Structure formats: structure tokens, C-alpha cells
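These notes are about the structure you will find just below.
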Amino acid sequence: MIQLGSFFAGVIATFVTVPFLAFLLSYIVFRKVTKNNLKSFRISVDVTTIFLMGSVYHATYVIWGKSYLWAICLVLLLTAIMLFLLHWKYKQDIQLRRIWKGFWRMNFLLFTVGYAAFAIYGVVARI
């Protein structure tokens, strides 16, 4: 019999390895709960972002054999600063909730590109 902790560790490992599986599963679940396609999509993007971050971290560790967590944190910090300054420049008012949403969704895009790049690099390098 499988233990509950081992089961959850396996599910999380699967979602970190294939983050868009987490997107698909969360979209289906939230679509049933909210009955709203757009809201379900946005929540699924938010959920998937954390798995993409873990996946990019793990991919860098596997490819180069050392941790580049500092680089990931630097990207996060620079993205936050950039969005904060852009929001301040165009709105002249700081709305932290809007900045946070933009920051999180921008990271979804950045880490999706990173995930795809590392997946392609990993396949090409192993051939």
C-alpha cells in the first residue's frame, strides 16, 4: 500500500516535471467549480507558475550540475522592479494587487519560455 506522503511527493514531482499537466488538471477542476472559462484559465495560470519555476530550477540543476537559484531569484526581482516602475510611470499610482498579478503572470510567460528552451536544449544535448 502506498503511503499518503509518497503519493503527494509523486504528484508534485510529476507536476514539476510536466507543469502543463498541472495546468490542464487545475483548469478542468476549476472549470467544474467556477463554471467560468476565463476565471478558470487565470487560476490555472497562477497555479502552474509555481510548478514552472520548480521545473526551470530543476532543469538548470540537471543540465549544469549546480544550483542557479540565485539567477532565478534575480530574474524574479528584476521582473518585479520593472513592472513596479512601469506601473508607476503609466498610472502615477501604486496598486500592489495589480502589480502582483502582472508580476505573477509575467513570470508565467518567462518561465514557460525557459521551460521550453531547457526542454529543447535537453533533447538536443542528449542526442
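Every chain in the C-alpha cells takes a letter, A first, then B, and so on in the order presented; its residues are numbered from 1, and the ligands are numbered from 1 following the presented order.
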- Item | Surrounding residues of stretch 42-56 of chain A excluding itself and chain neighbours under 3 positions, 10 Å, only C-alpha atoms, as a ChimeraX atom specification | /A:12-31,37-39,59-62,68-69,72,101,104-119
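The coordinates place atom CA of A:Leu77 at 25.3 Å from atom CA of A:Tyr121.
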